[in-house]
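J.: Sharing a structure, written as structure tokens. Questions coming.
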Amino acid sequence: MENENVLKFGLGIKIWCVISILGSILSSLTNFIYGNYSVGVACIATVIFYVWLLLSKKRMAFYLIVFVAVARLIIDLIVLKTPMAFLGLGNCLITYAFLYKYWKQMK
């Protein structure tokens, strides 16, 4: 018998997490090639936290994704002086939109 209290994510959030993981991997490779190591490390952290979100289904993983996105925003604005960093916050908003219906069930 399967435990009925186990939270199962729908296909939408799973696909979005995979897209975010692939995008972060590509971004980390690009940043390492161009010598932006701090942003590359932030992208690797994002990959780790998205995988953790998919496996654990915990709010803490989402909070860490947001934390890394804000840290990356600050790094991009101060060091790289690029406004493109705001796109990372959009990623968090889309992730939250997918997670919204599961939010009360998440620990």
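A note on labels: chains of the structure tokens are A, B, ... as shown, every chain counts residues from 1, and ligands are counted from 1 in their shown order.
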With a distance cut-off of 8 Å and only C-alpha atoms, select the neighbouring residues of region 46-61 of chain A, excluding the residue or stretch itself and same-chain residues fewer than 3 positions from it, and output the selection as a ChimeraX atom specification.

T.: /A:7,14,17,20-21,24-25,42-43,64-65,68-69,103,106-107

J.: Going by DSSP on the backbone, which residues of chain A come out as alpha helix (DSSP H)? List them as number ranges by chain.

T.: A: 11-33, 37-56, 59-75, 86-99

J.: Leaving out Ser27 (chain A) and any residue of its chain fewer than 2 positions from it, which residues lie within 12 Å of it when counting only C-alpha atoms, given as a PDB file with C-alpha atoms, in the first residue's frame?

T.:
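And here's result-v9.pdb as it stands now:
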```pdb
ATOM      1  CA  SER A  20      15.739  25.565 -14.488  1.00  0.00           C
ATOM      2  CA  ILE A  21      18.388  22.926 -13.785  1.00  0.00           C
ATOM      3  CA  LEU A  22      19.442  22.763 -17.439  1.00  0.00           C
ATOM      4  CA  GLY A  23      19.475  26.557 -17.705  1.00  0.00           C
ATOM      5  CA  SER A  24      21.593  26.865 -14.570  1.00  0.00           C
ATOM      6  CA  ILE A  25      24.050  24.243 -15.825  1.00  0.00           C
ATOM      7  CA  LEU A  29      29.453  26.656 -17.885  1.00  0.00           C
ATOM      8  CA  THR A  30      29.201  29.993 -19.681  1.00  0.00           C
ATOM      9  CA  ASN A  31      30.209  31.957 -16.593  1.00  0.00           C
ATOM     10  CA  PHE A  32      33.184  29.686 -15.893  1.00  0.00           C
ATOM     11  CA  ILE A  33      34.344  30.056 -19.513  1.00  0.00           C
ATOM     12  CA  TYR A  34      34.203  33.856 -19.257  1.00  0.00           C
ATOM     13  CA  ASN A  36      32.833  34.914 -13.778  1.00  0.00           C
ATOM     14  CA  TYR A  37      33.519  32.291 -11.139  1.00  0.00           C
ATOM     15  CA  SER A  38      31.288  33.714  -8.408  1.00  0.00           C
ATOM     16  CA  VAL A  39      28.251  33.635 -10.686  1.00  0.00           C
ATOM     17  CA  GLY A  40      29.220  30.155 -11.890  1.00  0.00           C
ATOM     18  CA  VAL A  41      29.295  28.880  -8.316  1.00  0.00           C
ATOM     19  CA  ALA A  42      25.891  30.483  -7.667  1.00  0.00           C
ATOM     20  CA  CYS A  43      24.521  28.650 -10.708  1.00  0.00           C
ATOM     21  CA  ILE A  44      25.875  25.339  -9.417  1.00  0.00           C
ATOM     22  CA  ALA A  45      24.231  26.051  -6.047  1.00  0.00           C
ATOM     23  CA  THR A  46      20.971  26.710  -7.887  1.00  0.00           C
ATOM     24  CA  VAL A  47      21.229  23.320  -9.594  1.00  0.00           C
ATOM     25  CA  ARG A  72      23.508  36.404  -7.681  1.00  0.00           C
ATOM     26  CA  ALA A  85      20.437  39.646 -13.158  1.00  0.00           C
ATOM     27  CA  GLY A  88      16.973  35.196 -11.931  1.00  0.00           C
TER      28      GLY A  88
END
```
